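Q: This is the structure, below, for whatever I ask next.
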Amino acid sequence: MSEFDAARQNMVESQVMTSGVTDPRVLDAMAEIPRERFVPENKRSLAYLGDDLRVKDAADGRAARYLMDPRALGKLVELAEVKPSDLVLDIGPATGYSTALLAKLSDTVVAVEEDPALVEQASAELQSLGVDNAAVIEGALTEGSSKQGPFDVIFVNGAVSAVPEALLKQLKDGGRLVTVVQVSSTGKARIYTVNHGKVGYRDAFDAGIHVLPGFEAAETFTF
């Protein structure tokens, strides 16, 4: 067993499972996918630590980008109850780790990434790993991909101030959207569901992760 293989197994056993994830499909997928491949080479020793991991620094007007804390990621994926027949929309995957994970659990994944360099990087890594049921396309994260929808699951890779109506409209009836919504100073993992055209939601657990670019709260001014 390689050093990375051992670290991956330890991540699953000591971080993901102990955070409450029990779905064997999610655990098996996280134990199989080499997270270090989606991390800059100089940070690969940090690939399996229990925290958000910056994979691209802020530059040229673009915000820094992160891979989500494995504990929060695993719990959100489990919350979505991804089925083998599902069509999944992955919003803001950065280097593509979440896309690879969701591809293991579903029929097809469409990932939307706004940074052209990350689109290229994620696509190349997925191809090198033989992930043939996922595609990464360039587009605005808040707009999703209505042309490829509607979707059974929409997975948002970061915290949001609110979920855009445009994304909720891309869910099938019976579909689920999972994300972390900033409520005051606390992040709440939330699942939105659509039943007979009506949207409902429930909060599942607390989670503190980085905000996804484009989903920040609007600035307010006081006079």
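Please note that chains go A, B, ... in the order of the structure tokens, that every chain numbers its residues from 1, and that ligands are numbered from 1 in the order shown.
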Give me the residues within 8 Å of A:Val153 as a list in words, counting only C-alpha atoms and dropping any in the same chain fewer than 5 places off.
A: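 The filter keeps Ala80, Val82, Asp86, Leu87, Val88, Leu89, Leu171, Gly175, Arg176, Leu177 and Val178 of chain A.
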Q: How would the residues just picked look written out with N, CA and C atoms as a CSV table (one decimal), in the first residue's frame?
A:
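Written file, part17.csv:
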chain,number,residue,atom,x,y,z
A,80,ALA,N,-27.5,13.9,-0.5
A,80,ALA,CA,-28.1,14.0,-1.8
A,80,ALA,C,-28.7,12.6,-2.3
A,82,VAL,N,-27.5,10.0,-4.0
A,82,VAL,CA,-27.2,9.9,-5.4
A,82,VAL,C,-27.5,8.4,-5.8
A,86,ASP,N,-28.9,8.3,-11.7
A,86,ASP,CA,-29.1,9.8,-11.7
A,86,ASP,C,-28.3,10.6,-12.7
A,87,LEU,N,-28.8,11.7,-13.2
A,87,LEU,CA,-28.1,12.7,-13.9
A,87,LEU,C,-27.8,13.8,-12.9
A,88,VAL,N,-26.5,14.1,-12.8
A,88,VAL,CA,-26.1,15.0,-11.7
A,88,VAL,C,-25.4,16.3,-12.3
A,89,LEU,N,-25.7,17.4,-11.7
A,89,LEU,CA,-25.1,18.7,-12.1
A,89,LEU,C,-24.1,19.0,-10.9
A,171,LEU,N,-34.0,21.3,-11.5
A,171,LEU,CA,-34.2,20.1,-10.9
A,171,LEU,C,-35.5,19.4,-11.5
A,175,GLY,N,-36.3,15.8,-7.6
A,175,GLY,CA,-34.8,16.1,-7.6
A,175,GLY,C,-34.4,16.7,-6.3
A,176,ARG,N,-33.1,16.7,-6.1
A,176,ARG,CA,-32.5,17.2,-4.8
A,176,ARG,C,-31.3,18.1,-5.2
A,177,LEU,N,-31.2,19.2,-4.4
A,177,LEU,CA,-30.1,20.1,-4.5
A,177,LEU,C,-29.5,20.2,-3.1
A,178,VAL,N,-28.1,20.0,-3.0
A,178,VAL,CA,-27.5,20.1,-1.7
A,178,VAL,C,-26.4,21.2,-1.8
Q: Tell me, as a PyMOL selection string, which residues lie within 6 Å of A:Gly92, counting only C-alpha atoms; anything in the same chain fewer than 6 positions away does not count.
A: chain A and resi 112-113+157
Q: Give the strand (DSSP E) residues of stretch 58-168 of chain A, as DSSP finds them on the backbone, and put them as an NGL selection string.
A: :A and (65-67 or 87-91 or 108-113 or 134-138 or 151-160)
Q: Pick out the residues sitting within 10 Å of A:Ile33, and hand them over as a list in words; count only C-alpha atoms, and ignore anything fewer than 3 positions along from it in its own chain.
A: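 Here the qualifying residues turn out to be Asp5, Arg8, Asp28, Ala29, Met30, Glu36, Arg37, Phe38, Tyr97, Ser98, Ala100, Leu101, Lys104 and Leu129 of chain A.
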Q: Let's have the selection written as a tab-separated table (two decimals), in the first residue's frame, with N, CA, C and O atoms.
A:
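Contents of the output file result.tsv:
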chain	number	residue	atom	x	y	z
A	5	ASP	N	-2.30	5.79	-0.60
A	5	ASP	CA	-3.37	4.81	-0.36
A	5	ASP	C	-3.68	4.72	1.14
A	5	ASP	O	-4.85	4.66	1.54
A	8	ARG	N	-5.45	7.85	2.28
A	8	ARG	CA	-6.84	7.86	1.80
A	8	ARG	C	-7.72	7.00	2.69
A	8	ARG	O	-8.82	7.38	3.07
A	28	ASP	N	-16.94	3.85	-0.14
A	28	ASP	CA	-16.12	3.10	-1.09
A	28	ASP	C	-15.57	4.03	-2.18
A	28	ASP	O	-14.40	3.90	-2.58
A	29	ALA	N	-16.40	4.95	-2.65
A	29	ALA	CA	-15.95	5.87	-3.69
A	29	ALA	C	-14.84	6.78	-3.17
A	29	ALA	O	-13.84	7.02	-3.86
A	30	MET	N	-14.98	7.28	-1.95
A	30	MET	CA	-13.96	8.15	-1.39
A	30	MET	C	-12.68	7.39	-1.08
A	30	MET	O	-11.59	7.96	-1.11
A	36	GLU	N	-5.29	13.06	-4.18
A	36	GLU	CA	-4.02	13.76	-4.41
A	36	GLU	C	-3.83	14.16	-5.86
A	36	GLU	O	-3.10	15.11	-6.18
A	37	ARG	N	-4.49	13.46	-6.79
A	37	ARG	CA	-4.37	13.77	-8.21
A	37	ARG	C	-5.05	15.10	-8.56
A	37	ARG	O	-4.79	15.68	-9.61
A	38	PHE	N	-5.92	15.57	-7.68
A	38	PHE	CA	-6.67	16.80	-7.93
A	38	PHE	C	-6.12	17.98	-7.13
A	38	PHE	O	-6.77	19.02	-7.01
A	97	TYR	N	-12.36	16.92	-8.34
A	97	TYR	CA	-12.47	15.79	-7.42
A	97	TYR	C	-13.92	15.40	-7.15
A	97	TYR	O	-14.29	14.22	-7.19
A	98	SER	N	-14.76	16.40	-6.88
A	98	SER	CA	-16.18	16.10	-6.61
A	98	SER	C	-16.84	15.45	-7.82
A	98	SER	O	-17.70	14.58	-7.67
A	100	ALA	N	-15.41	13.47	-10.04
A	100	ALA	CA	-15.00	12.07	-10.06
A	100	ALA	C	-15.78	11.26	-9.04
A	100	ALA	O	-16.20	10.12	-9.31
A	101	LEU	N	-15.99	11.82	-7.86
A	101	LEU	CA	-16.73	11.13	-6.80
A	101	LEU	C	-18.18	10.91	-7.22
A	101	LEU	O	-18.71	9.79	-7.12
A	104	LYS	N	-18.75	8.21	-9.82
A	104	LYS	CA	-18.73	6.84	-9.30
A	104	LYS	C	-20.11	6.40	-8.82
A	104	LYS	O	-20.43	5.21	-8.79
A	129	LEU	N	-7.94	9.39	-15.49
A	129	LEU	CA	-8.42	8.38	-14.54
A	129	LEU	C	-9.49	7.48	-15.16
A	129	LEU	O	-10.01	6.60	-14.49
Q: Leaving out stretch 182-191 of chain A and any residue of its chain fewer than 3 positions from it, which residues lie within 9 Å of it when counting only C-alpha atoms, given as a list of chain:residue names?
A: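 Listed by chain and then number, they are A:Ala72, A:Lys75, A:Leu76, A:Leu79, A:Ala80, A:Ala159, A:Val160, A:Ser161, A:Ala162, A:Arg176, A:Leu177, A:Val178, A:Thr179, A:Gly200, A:Tyr201, A:Arg202, A:Asp203, A:Ala204, A:Phe205, A:Asp206, A:Ala207, A:Gly208, A:Ile209, A:Val211, A:Ala217.
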Q: Using C-alpha atoms, can you export the residues from the last selection as a PDB file, in the first residue's frame?
A:
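Saved file result.pdb follows:
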ATOM      1  CA  ALA A  72     -18.401  18.028   4.693  1.00  0.00           C
ATOM      2  CA  LYS A  75     -21.919  14.237   4.346  1.00  0.00           C
ATOM      3  CA  LEU A  76     -23.327  16.401   1.548  1.00  0.00           C
ATOM      4  CA  LEU A  79     -27.448  13.782   1.950  1.00  0.00           C
ATOM      5  CA  ALA A  80     -28.103  13.950  -1.804  1.00  0.00           C
ATOM      6  CA  ALA A 159     -21.214  27.814   0.752  1.00  0.00           C
ATOM      7  CA  VAL A 160     -23.825  30.183  -0.669  1.00  0.00           C
ATOM      8  CA  SER A 161     -25.755  33.150   0.659  1.00  0.00           C
ATOM      9  CA  ALA A 162     -28.806  31.894  -1.240  1.00  0.00           C
ATOM     10  CA  ARG A 176     -32.464  17.203  -4.824  1.00  0.00           C
ATOM     11  CA  LEU A 177     -30.063  20.131  -4.510  1.00  0.00           C
ATOM     12  CA  VAL A 178     -27.499  20.124  -1.705  1.00  0.00           C
ATOM     13  CA  THR A 179     -25.311  22.969  -0.536  1.00  0.00           C
ATOM     14  CA  GLY A 200     -39.089  22.665  -0.043  1.00  0.00           C
ATOM     15  CA  TYR A 201     -35.964  22.350   2.070  1.00  0.00           C
ATOM     16  CA  ARG A 202     -34.605  21.150   5.362  1.00  0.00           C
ATOM     17  CA  ASP A 203     -31.377  21.803   7.234  1.00  0.00           C
ATOM     18  CA  ALA A 204     -29.281  18.736   8.001  1.00  0.00           C
ATOM     19  CA  PHE A 205     -26.098  19.706   9.860  1.00  0.00           C
ATOM     20  CA  ASP A 206     -23.702  22.577  10.583  1.00  0.00           C
ATOM     21  CA  ALA A 207     -20.815  23.065   8.181  1.00  0.00           C
ATOM     22  CA  GLY A 208     -18.158  25.734   7.826  1.00  0.00           C
ATOM     23  CA  ILE A 209     -16.735  25.810   4.287  1.00  0.00           C
ATOM     24  CA  VAL A 211     -18.071  30.465  -0.138  1.00  0.00           C
ATOM     25  CA  ALA A 217     -24.048  37.829  -0.038  1.00  0.00           C
TER      26      ALA A 217
END
Q: Name the closest residue to A:Pro84 among the candidates A:Ala166, A:Leu102, A:Val131, A:Met1; distances are taken between atoms, counting only C-alpha atoms.
A: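 Answer, going by the shortest atom-to-atom distance: A:Leu102.
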